[in-house]
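Engineer: Have a look at this one.
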Amino acid sequence: MSAGHTAVTSPATAPAVAEPVIICDTPQDECGVRDVLDRLGDKWSVYVVVELASGIRRFKELQRAIPGDISQRMLTLTVRRLERDGLVRRTVYPTVPPQVEYELTEMGHSLTHLVKALADWSIAHRPAIAASHEAWDTAHQNAAHQNTAHQDSDAH
């Protein structure tokens, strides 16, 4: 190839491996990914962030709004972790009984854009993922059926 020219690749011949999104300096360096996954990977944190993106909520309002029947104890643990991470602000009013409200911090609000992008990606790729599941399941069912048939013929 002469200088100044680049190879043209079709999608079929394009490299299968993309450049890494995050490059860590050492194998032990997690680049902060572990912290993010720990928080967003639990069952309830994303629901709390999504609900609080709509505005301030009292504890019971938040509990009722979250799909999936979250217990009071689990919601308490979840909002405490999010508060500790600086994503949620908890305000206690000196009333009897005490009134407690939760809201996203500025950093918590910045997370909502990422959650929305993830949800949008999920919606856009749902049909392709379902088709992939079906193809994989069919291929593996056929392979299991062939292995069973092969084992049966070896036994005779």
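Ordered as shown in the structure tokens, chains take letters A, B, and onward, while each chain numbers its residues from 1 and ligands are numbered from 1 in the order shown.
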Against region 38-47 of chain A, which residues of region 75-99 of chain A fall within 12 Å? For each one I want the closest pair of atoms and the distance in Å (one decimal), counting only C-alpha atoms, rows by chain and increasing residue number, as a Markdown table.

Structural biologist:
| residue | atom | partner | partner_atom | distance |
| --- | --- | --- | --- | --- |
| A:Leu75 | CA | A:Trp44 | CA | 7.6 |
| A:Thr76 | CA | A:Trp44 | CA | 10.7 |
| A:Leu77 | CA | A:Trp44 | CA | 9.8 |
| A:Thr78 | CA | A:Ser45 | CA | 6.1 |
| A:Val79 | CA | A:Ser45 | CA | 7.7 |
| A:Arg80 | CA | A:Ser45 | CA | 10.3 |
| A:Arg81 | CA | A:Arg39 | CA | 8.0 |
| A:Leu82 | CA | A:Ser45 | CA | 7.4 |
| A:Glu83 | CA | A:Ser45 | CA | 10.9 |
| A:Arg84 | CA | A:Arg39 | CA | 10.9 |
| A:Asp85 | CA | A:Arg39 | CA | 8.7 |
| A:Gly86 | CA | A:Arg39 | CA | 11.6 |
| A:Leu87 | CA | A:Ser45 | CA | 10.2 |
| A:Val88 | CA | A:Ser45 | CA | 10.5 |

Engineer: With only C-alpha atoms as the counted atoms, please give the residues lying no more than 7 Å from region 90-107 of chain A, apart from itself and same-chain residues fewer than 4 positions off, as a VMD selection string.

Structural biologist: chain A and resid 52 to 53 55 to 59 86 111

Engineer: What's the separation between CA of Ala143 (chain A) and CA of Arg126 (chain A), in Å to one decimal place?

Structural biologist: 25.5 Å

Engineer: List every residue of region 69-126 of chain A that DSSP, applied to the backbone of this structure, assigns to strand (DSSP E or B), and report them as a ChimeraX atom specification.

Structural biologist: /A:88-93,99-104

Engineer: Please determine, counting only C-alpha atoms, which residue among A:Met74, A:Ala144, A:Ala128, A:Val50 has the shortest atom-to-atom distance to Gly108 (chain A).

Structural biologist: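 Distance minimum relative to Gly108 (chain A) lands on A:Val50.
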